[in-house]
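Everything below belongs to query.cif, which stores mmCIF, C-alpha atoms.
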data_upload
loop_
_atom_site.label_atom_id
_atom_site.label_comp_id
_atom_site.auth_asym_id
_atom_site.auth_seq_id
_atom_site.Cartn_x
_atom_site.Cartn_y
_atom_site.Cartn_z
CA MET I 651 0.00 0.00 0.00
CA SER I 652 1.57 3.25 -1.02
CA ALA I 653 0.64 6.71 0.14
CA SER I 654 1.04 8.06 -3.38
CA ASP I 655 -1.63 5.63 -4.66
CA ASP I 656 -4.03 7.05 -2.08
CA GLN I 657 -3.19 10.61 -3.00
CA THR I 658 -3.63 9.93 -6.71
CA ASP I 659 -6.99 8.23 -6.14
CA VAL I 660 -8.21 11.03 -3.88
CA GLU I 661 -7.29 13.65 -6.47
CA THR I 662 -9.01 11.65 -9.21
CA VAL I 663 -12.19 11.29 -7.14
CA LEU I 664 -12.17 14.98 -6.30
CA ALA I 665 -11.78 15.73 -10.00
CA GLY I 666 -15.06 13.88 -10.59
CA ASP I 667 -14.12 10.26 -11.32
CA ILE I 668 -15.91 8.33 -8.58
CA SER I 669 -14.63 4.95 -9.77
CA ALA I 670 -11.16 5.84 -8.44
CA PHE I 671 -12.60 5.52 -4.95
CA GLU I 672 -12.71 1.75 -5.50
CA GLY I 673 -8.91 1.68 -5.29
CA ILE I 674 -9.11 3.24 -1.82
CA VAL I 675 -11.82 0.78 -0.78
CA ARG I 676 -9.84 -2.25 -1.99
CA ARG I 677 -6.65 -1.09 -0.28
CA TRP I 678 -8.24 -0.27 3.07
CA GLN I 679 -11.24 -2.60 3.37
CA GLY I 680 -9.27 -5.23 5.32
CA PRO I 681 -7.83 -2.86 7.94
CA LEU I 682 -11.08 -0.92 8.37
CA ILE I 683 -13.19 -4.08 8.80
CA ASN I 684 -10.67 -5.57 11.22
CA LEU I 685 -10.56 -2.37 13.24
CA ALA I 686 -14.36 -2.39 13.43
CA TYR I 687 -14.28 -6.07 14.37
CA ARG I 688 -12.05 -5.27 17.35
CA PHE I 689 -14.65 -2.81 18.53
CA CYS I 690 -17.75 -4.98 18.10
CA HIS I 691 -16.61 -8.63 17.66
CA ASP I 692 -19.41 -9.14 15.17
CA ARG I 693 -18.45 -9.75 11.56
CA GLY I 694 -21.69 -8.46 10.04
CA ARG I 695 -21.69 -5.31 12.09
CA ALA I 696 -17.99 -4.77 11.40
CA GLU I 697 -18.71 -4.68 7.67
CA GLU I 698 -21.63 -2.32 8.15
CA LEU I 699 -19.48 0.01 10.23
CA ALA I 700 -16.64 -0.14 7.72
CA GLN I 701 -19.05 0.64 4.86
CA GLU I 702 -20.35 3.66 6.74
CA ALA I 703 -16.76 4.74 7.40
CA PHE I 704 -15.97 4.57 3.67
CA LEU I 705 -19.10 6.56 2.86
CA ARG I 706 -18.15 9.24 5.36
CA ALA I 707 -14.63 9.28 3.99
CA TYR I 708 -16.05 9.77 0.50
CA ARG I 709 -18.20 12.69 1.67
CA ALA I 710 -15.33 14.28 3.55
CA LEU I 711 -12.58 13.56 1.02
CA GLY I 712 -12.10 17.25 0.30
CA GLN I 713 -11.35 17.88 3.95
CA TRP I 714 -8.27 15.66 3.97
CA ARG I 715 -5.33 17.99 4.45
CA LYS I 716 -2.26 16.42 2.99
CA ASP I 717 -0.13 17.26 6.05
CA ALA I 718 -1.14 13.84 7.40
CA VAL I 719 -0.89 10.51 5.60
CA PHE I 720 -4.24 9.47 4.08
CA SER I 721 -4.40 6.29 6.15
CA THR I 722 -3.98 8.27 9.38
CA TRP I 723 -6.89 10.51 8.39
CA LEU I 724 -8.98 7.50 7.35
CA PHE I 725 -8.29 5.61 10.59
CA ALA I 726 -9.10 8.68 12.69
CA LEU I 727 -12.40 9.12 10.83
CA ALA I 728 -13.25 5.41 11.16
CA THR I 729 -12.25 5.25 14.83
CA ASN I 730 -14.38 8.28 15.60
CA LEU I 731 -17.36 6.69 13.84
CA TYR I 732 -16.89 3.27 15.49
CA ARG I 733 -16.60 4.83 18.95
CA SER I 734 -19.74 6.89 18.55
CA GLU I 735 -21.70 4.01 17.01
CA LEU I 736 -20.61 1.63 19.76
CA ARG I 737 -21.67 4.17 22.35
CA ARG I 738 -25.05 4.47 20.64
CA ILE I 739 -25.57 0.72 20.29
CA PRO I 740 -23.04 -1.12 22.48
CA ALA I 741 -21.52 -4.40 21.35
CA ARG I 742 -23.03 -7.41 23.05
CA THR I 743 -19.67 -8.46 24.51
CA ALA I 744 -19.03 -5.03 26.05
CA SER I 745 -21.79 -5.45 28.60
CA VAL I 746 -19.73 -7.90 30.69
CA SER I 747 -18.27 -6.34 33.82
CA LEU I 748 -14.72 -7.09 34.94
CA ASP I 749 -15.99 -8.85 38.03
CA ASP I 750 -18.45 -10.90 36.02
CA ILE I 751 -15.88 -12.47 33.73
CA ALA I 752 -16.47 -16.18 33.93
CA GLU I 753 -13.62 -18.46 34.90
CA PRO I 754 -12.30 -20.35 31.90
CA ALA I 755 -13.97 -23.70 31.35
CA ASP I 756 -10.76 -25.66 31.52
CA ALA I 757 -8.74 -23.97 34.20
CA ARG I 758 -5.90 -26.45 34.25
CA ALA I 759 -3.72 -27.72 31.48
CA SER I 760 -1.28 -30.59 31.55
CA ASP I 761 1.51 -28.35 32.89
CA GLY I 762 -0.77 -26.93 35.55
CA GLY I 763 -1.38 -23.65 33.74
CA LEU I 764 -4.27 -22.48 31.66
CA GLU I 765 -4.51 -23.68 28.14
CA ASP I 766 -3.48 -20.95 25.73
CA HIS I 767 -6.93 -20.66 24.26
CA ASP I 768 -8.63 -20.17 27.62
CA ARG I 769 -5.98 -17.75 28.77
CA ASP I 770 -6.32 -15.69 25.58
CA LEU I 771 -10.08 -15.70 25.97
CA ALA I 772 -9.84 -14.53 29.59
CA VAL I 773 -7.48 -11.70 28.65
CA ARG I 774 -9.68 -10.59 25.73
CA ARG I 775 -12.79 -10.68 27.86
CA ALA I 776 -11.03 -8.66 30.53
CA VAL I 777 -10.03 -6.06 27.93
CA GLY I 778 -13.61 -6.01 26.63
CA ALA I 779 -14.86 -5.31 30.14
CA LEU I 780 -12.53 -2.35 30.73
CA PRO I 781 -14.01 1.17 30.82
CA ALA I 782 -14.31 2.47 27.23
CA LYS I 783 -11.44 4.97 27.39
CA TYR I 784 -8.90 2.33 28.48
CA ARG I 785 -10.33 -0.35 26.20
CA GLU I 786 -10.15 1.93 23.16
CA ALA I 787 -6.57 2.97 23.92
CA LEU I 788 -5.48 -0.66 24.28
CA MET I 789 -7.41 -1.74 21.20
CA LEU I 790 -5.90 0.96 18.99
CA PHE I 791 -2.41 0.43 20.44
CA TYR I 792 -2.38 -3.25 19.52
CA PHE I 793 -4.21 -2.71 16.24
CA HIS I 794 -1.47 -0.31 15.15
CA ASP I 795 1.28 -2.76 16.10
CA MET I 796 1.96 -1.10 19.45
CA ASP I 797 2.59 2.30 17.90
CA VAL I 798 1.48 4.92 20.41
CA THR I 799 1.80 7.82 17.96
CA THR I 800 -0.54 6.26 15.39
CA ALA I 801 -2.95 5.11 18.08
CA ALA I 802 -3.04 8.63 19.50
CA ARG I 803 -3.72 10.12 16.06
CA SER I 804 -6.53 7.63 15.44
CA LEU I 805 -8.10 8.52 18.76
CA GLY I 806 -7.51 12.25 18.26
CA LEU I 807 -5.77 12.44 21.63
CA PRO I 808 -2.33 13.63 22.75
CA GLU I 809 0.27 10.88 23.01
CA GLY I 810 0.69 11.51 26.73
CA THR I 811 -3.00 10.88 27.33
CA VAL I 812 -2.88 7.63 25.38
CA LYS I 813 0.23 6.50 27.29
CA ALA I 814 -1.49 7.26 30.58
CA ARG I 815 -4.59 5.33 29.50
CA LEU I 816 -2.50 2.38 28.36
CA PHE I 817 -0.69 2.35 31.70
CA ARG I 818 -3.91 2.57 33.69
CA GLY I 819 -5.65 0.02 31.46
CA ARG I 820 -2.85 -2.50 31.95
CA GLU I 821 -2.86 -1.78 35.65
CA ILE I 822 -6.58 -2.64 35.85
CA LEU I 823 -5.97 -5.75 33.74
CA ARG I 824 -3.12 -6.86 36.01
CA SER I 825 -5.23 -6.27 39.09
CA LYS I 826 -8.02 -8.46 37.70
CA LEU I 827 -6.19 -11.09 35.73
CA PRO I 828 -3.93 -12.67 38.38
CA GLN I 829 -7.01 -13.72 40.32
CA ARG I 830 -8.33 -15.44 37.23
CA LEU I 831 -5.12 -16.83 35.85
CA ALA I 832 -3.52 -17.81 39.14
CA VAL I 833 -3.75 -21.52 38.76
CA PRO I 834 -2.61 -23.66 41.68
CA ARG I 835 0.27 -25.91 40.71
CA LEU I 836 1.85 -28.51 42.92
CA LYS I 837 5.60 -28.50 42.93
CA GLU I 838 7.63 -31.17 44.64
CA ALA I 839 9.51 -29.69 47.60
CA MET K 782 4.50 -32.05 50.27
CA GLY K 783 3.47 -29.64 47.60
CA ARG K 784 3.73 -25.88 47.36
CA LEU K 785 1.09 -23.66 45.79
CA ILE K 786 2.43 -21.50 43.01
CA GLY K 787 0.28 -18.79 41.42
CA ARG K 788 0.90 -18.18 37.77
CA LEU K 789 0.77 -14.44 37.20
CA ILE K 790 0.33 -13.06 33.74
CA LYS K 791 3.06 -10.71 32.58
CA ASP K 792 2.83 -7.59 30.43
CA GLU K 793 4.68 -9.38 27.63
CA GLU K 794 2.06 -12.10 27.63
CA ILE K 795 -0.73 -9.52 27.43
CA ASP K 796 1.13 -7.87 24.52
CA LEU K 797 1.45 -11.21 22.77
CA ILE K 798 -2.18 -12.20 23.26
CA LEU K 799 -3.64 -8.87 22.21
CA SER K 800 -1.30 -8.47 19.23
CA ARG K 801 -2.32 -11.75 17.65
CA GLU K 802 -6.02 -10.98 17.41
CA ASP K 803 -7.65 -13.05 14.65
CA GLU K 804 -7.86 -11.24 11.33
CA ILE K 805 -11.07 -11.43 9.36
CA LEU K 806 -11.27 -11.16 5.59
CA PRO K 807 -13.80 -8.85 3.92
CA SER K 808 -16.64 -10.72 2.27
CA SER K 809 -16.34 -11.01 -1.50
CA GLY K 810 -18.98 -8.42 -2.32
CA PHE K 811 -17.89 -5.82 0.22
CA ALA K 812 -16.02 -3.47 -2.12
CA VAL K 813 -18.82 -3.67 -4.71
CA SER K 814 -21.42 -2.92 -2.05
CA VAL K 815 -19.42 0.10 -0.81
CA MET K 816 -19.03 1.40 -4.36
CA ASP K 817 -22.78 0.99 -4.97
CA ALA K 818 -23.45 3.05 -1.87
CA VAL K 819 -20.91 5.67 -2.98
CA ARG K 820 -22.51 5.88 -6.46
CA ARG K 821 -25.96 6.26 -4.91
CA GLU K 822 -24.58 9.02 -2.72
CA ALA K 823 -23.00 10.75 -5.71
CA ALA K 824 -26.19 10.45 -7.77
CA ALA K 825 -28.39 11.88 -5.02
CA PRO K 826 -29.26 15.56 -5.52
CA PRO K 827 -27.33 17.94 -3.31
CA PRO K 828 -29.11 19.01 -0.12
CA ILE K 829 -31.52 21.91 -0.63
CA PRO K 830 -30.05 25.10 0.83
CA PHE K 831 -32.13 26.97 3.36
CA PRO K 832 -34.26 29.57 1.51
CA TRP K 833 -33.01 32.64 3.33
CA LYS K 834 -34.58 35.07 0.84
CA ARG K 835 -38.03 33.59 1.35
CA ALA K 836 -37.61 33.22 5.06
CA LEU K 837 -36.35 36.76 5.62
CA PRO K 838 -39.77 38.51 5.86
CA GLY K 839 -40.96 35.86 8.29
CA LEU K 840 -37.83 36.17 10.37
CA VAL K 841 -38.20 39.96 10.46
CA VAL K 842 -41.83 39.64 11.59
CA ALA K 843 -40.83 37.06 14.19
CA GLY K 844 -38.04 39.33 15.44
CA PHE K 845 -40.45 42.25 15.68
CA ALA K 846 -42.99 40.12 17.57
CA LEU K 847 -40.29 38.96 19.95
CA ALA K 848 -39.21 42.54 20.54
CA LEU K 849 -42.83 43.50 21.29
CA VAL K 850 -43.17 40.63 23.77
CA LEU K 851 -39.96 41.69 25.50
CA VAL K 852 -41.18 45.28 25.73
CA ALA K 853 -44.49 44.03 27.14
CA ILE K 854 -42.66 42.02 29.80
CA VAL K 855 -40.55 45.01 30.77
CA VAL K 856 -43.66 47.18 30.99
CA ALA K 857 -45.45 44.59 33.11
CA ILE K 858 -42.51 44.44 35.50
CA ALA K 859 -42.38 48.23 35.65
CA ARG K 860 -46.09 48.35 36.47
CA ARG K 861 -45.75 45.87 39.28
CA ALA K 862 -42.88 47.85 40.67
CA SER K 863 -44.92 51.04 40.48
CA ILE K 864 -47.53 49.55 42.84
CA THR K 865 -45.04 49.78 45.69
CA PRO K 866 -44.30 53.51 46.25
CA GLN K 867 -40.57 53.12 46.97
CA PHE K 868 -40.07 51.29 43.68
CA SER K 869 -42.40 53.42 41.62
CA MET K 870 -41.28 53.93 38.08
CA PRO K 871 -43.23 55.96 35.59
CA LEU K 872 -43.97 54.30 32.28
CA PRO K 873 -42.10 55.83 29.41
CA SER K 874 -44.30 58.20 27.50
CA VAL K 875 -43.15 56.70 24.20
CA MET K 876 -44.93 53.39 24.99
CA PRO K 877 -47.98 52.69 22.83
CA PRO K 878 -51.33 53.19 24.59
CA ILE K 879 -52.06 49.45 24.66
CA PHE K 880 -49.44 49.03 27.38
CA HIS K 881 -51.38 51.34 29.66
CA GLY K 882 -54.70 49.51 29.48
CA GLY K 883 -56.06 46.65 31.56
CA ILE K 884 -58.22 43.85 30.22
CA GLU K 885 -58.44 45.66 26.89
CA SER K 886 -54.69 45.52 26.40
CA ALA K 887 -54.63 41.83 27.35
CA ALA K 888 -57.25 41.16 24.71
CA ILE K 889 -55.28 43.10 22.13
CA TRP K 890 -52.14 41.18 23.00
CA THR K 891 -53.96 37.87 22.78
CA ALA K 892 -55.38 38.78 19.41
CA LEU K 893 -51.95 39.85 18.23
CA ALA K 894 -50.39 36.60 19.44
CA LEU K 895 -53.06 34.59 17.63
CA LEU K 896 -52.51 36.59 14.49
CA VAL K 897 -48.73 36.03 14.63
CA ALA K 898 -49.29 32.30 15.22
CA PHE K 899 -51.71 32.11 12.30
CA VAL K 900 -49.35 33.97 9.97
CA SER K 901 -46.43 31.75 11.07
CA VAL K 902 -48.38 28.56 10.38
CA LYS K 903 -49.59 29.78 6.98
CA PHE K 904 -46.12 30.95 6.07
CA SER K 905 -44.41 27.69 7.10
CA MET K 906 -47.05 25.63 5.24
CA ARG K 907 -46.50 27.70 2.16
CA MET K 908 -42.73 27.23 2.44
CA ALA K 909 -43.13 23.48 2.95
CA SER K 910 -45.37 23.12 -0.09
CA GLY K 911 -42.73 24.85 -2.21
CA ARG K 912 -44.95 27.63 -3.46
CA GLY K 913 -43.46 30.91 -3.07
#
Show me this structure written as structure tokens.
Amino acid sequence: MSASDDQTDVETVLAGDISAFEGIVRRWQGPLINLAYRFCHDRGRAEELAQEAFLRAYRALGQWRKDAVFSTWLFALATNLYRSELRRIPARTASVSLDDIAEPADARASDGGLEDHDRDLAVRRAVGALPAKYREALMLFYFHDMDVTTAARSLGLPEGTVKARLFRGREILRSKLPQRLAVPRLKEA
Amino acid sequence: MGRLIGRLIKDEEIDLILSREDEILPSSGFAVSVMDAVRREAAAPPPIPFPWKRALPGLVVAGFALALVLVAIVVAIARRASITPQFSMPLPSVMPPIFHGGIESAAIWTALALLVAFVSVKFSMRMASGRG
């Protein structure tokens, strides 16, 4: 994916050739759907949200100032839309509270620890149950390959704020997860 | 004799788990469906701008009516104050005679309010129907 392709397509669309927008859609459909999926964990809804994000991007294409990379602008627009839509109609998984997270079904693996799958599930559920501001910061941070700067731009927040939210979010996770992942293991003395 | 060991999750493990979130692939018709929506959007007529020229007389009348109501309120307050001698305040002589009346002025004001309401309704219906 090259930034110049985006710029060329945007200029072509703004000049009146709508079909050039398809290039943008094909390049960014995967990332935008996956970002939406992280917010709602529902494939159908993720595609609906991504479609709405593309439509809004099309309407606002003229507002993209080329001082930022197109993808940064697009992600910020999509993130803003996903956050507001998820606030309006919350995802079904987001209604679980941190204290209500169920213990994994199989709490003990052959080595005495949790099976990877159950552990992953417990961590993801715990993230899903975090307050929105911490959950969104963590979600964007990992979506953007642990790049705080890009996550901050997508959220429209200063980097310092995102760092603070990541720190606090992890702190809450740590405070909740040990109780759930602390699996008794017998060791010969 | 065994010893109980708690297995605490580390930050690195959280990083690893949350970084390897499953990726989903767009459905085959997604791009086509987005482009259809974009074409529909482009084909739709632009939003109708607010008809300021047509609305201006109505807005002027509404502004005038509002000003009259405000004046009436001020006059009413001044009258009440004038009942108590220490707060007496003569009405300005420039005020129209209707402000000095009793029941008659209330009737006039009611009639005026009804007239303004009627004109507003007729005007908005005319605007909505597109006749101008």
Could you pull the residues within 12 Å of K:Val813, counting only C-alpha atoms, minus those fewer than 3 positions along the same chain, as a ChimeraX atom specification? /I:669,671-673,675-676,679,701 /K:807-810,816-820
Selection from above, C-alpha atoms, as a JSON list (two decimals), in the frame of the given file, can you write it?
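Listing of out24.json after writing:
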[["chain", "number", "residue", "atom", "x", "y", "z"],
["I", 669, "SER", "CA", -14.63, 4.95, -9.77],
["I", 671, "PHE", "CA", -12.60, 5.52, -4.95],
["I", 672, "GLU", "CA", -12.71, 1.75, -5.50],
["I", 673, "GLY", "CA", -8.91, 1.68, -5.29],
["I", 675, "VAL", "CA", -11.82, 0.78, -0.78],
["I", 676, "ARG", "CA", -9.84, -2.25, -1.99],
["I", 679, "GLN", "CA", -11.24, -2.60, 3.37],
["I", 701, "GLN", "CA", -19.05, 0.64, 4.86],
["K", 807, "PRO", "CA", -13.80, -8.85, 3.92],
["K", 808, "SER", "CA", -16.64, -10.72, 2.27],
["K", 809, "SER", "CA", -16.34, -11.01, -1.50],
["K", 810, "GLY", "CA", -18.98, -8.42, -2.32],
["K", 816, "MET", "CA", -19.03, 1.40, -4.36],
["K", 817, "ASP", "CA", -22.78, 0.99, -4.97],
["K", 818, "ALA", "CA", -23.45, 3.05, -1.87],
["K", 819, "VAL", "CA", -20.91, 5.67, -2.98],
["K", 820, "ARG", "CA", -22.51, 5.88, -6.46]]
Considering only C-alpha atoms, can you say which of I:Ile683, I:Met796, I:Val812, I:Leu823 comes closest to I:Leu780?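 Smallest separation from I:Leu780 among the options: I:Leu823.
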Which is closest to chain I among K:Ala846, K:Ala857, K:Leu797, K:Val815, if we use all atoms listed in the file? K:Val815
I:Arg774 environment, 9 Å, all atoms listed in the file, sequence neighbours closer than 5 positions dropped, as a count of residues only: 4
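For the pair atom CA of I:Ala801 and atom CA of I:Lys813, the interatomic distance is 9.8 Å.
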In Å, with one decimal, what is the gap from atom CA of K:Lys834 to atom CA of K:Val897?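 Atom CA of K:Val897 lies 19.8 Å from atom CA of K:Lys834.
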Which residue is closest to chain I? Choose from K:Met908, K:Glu793, K:Leu851, K:Ile805 and count only C-alpha atoms. K:Ile805
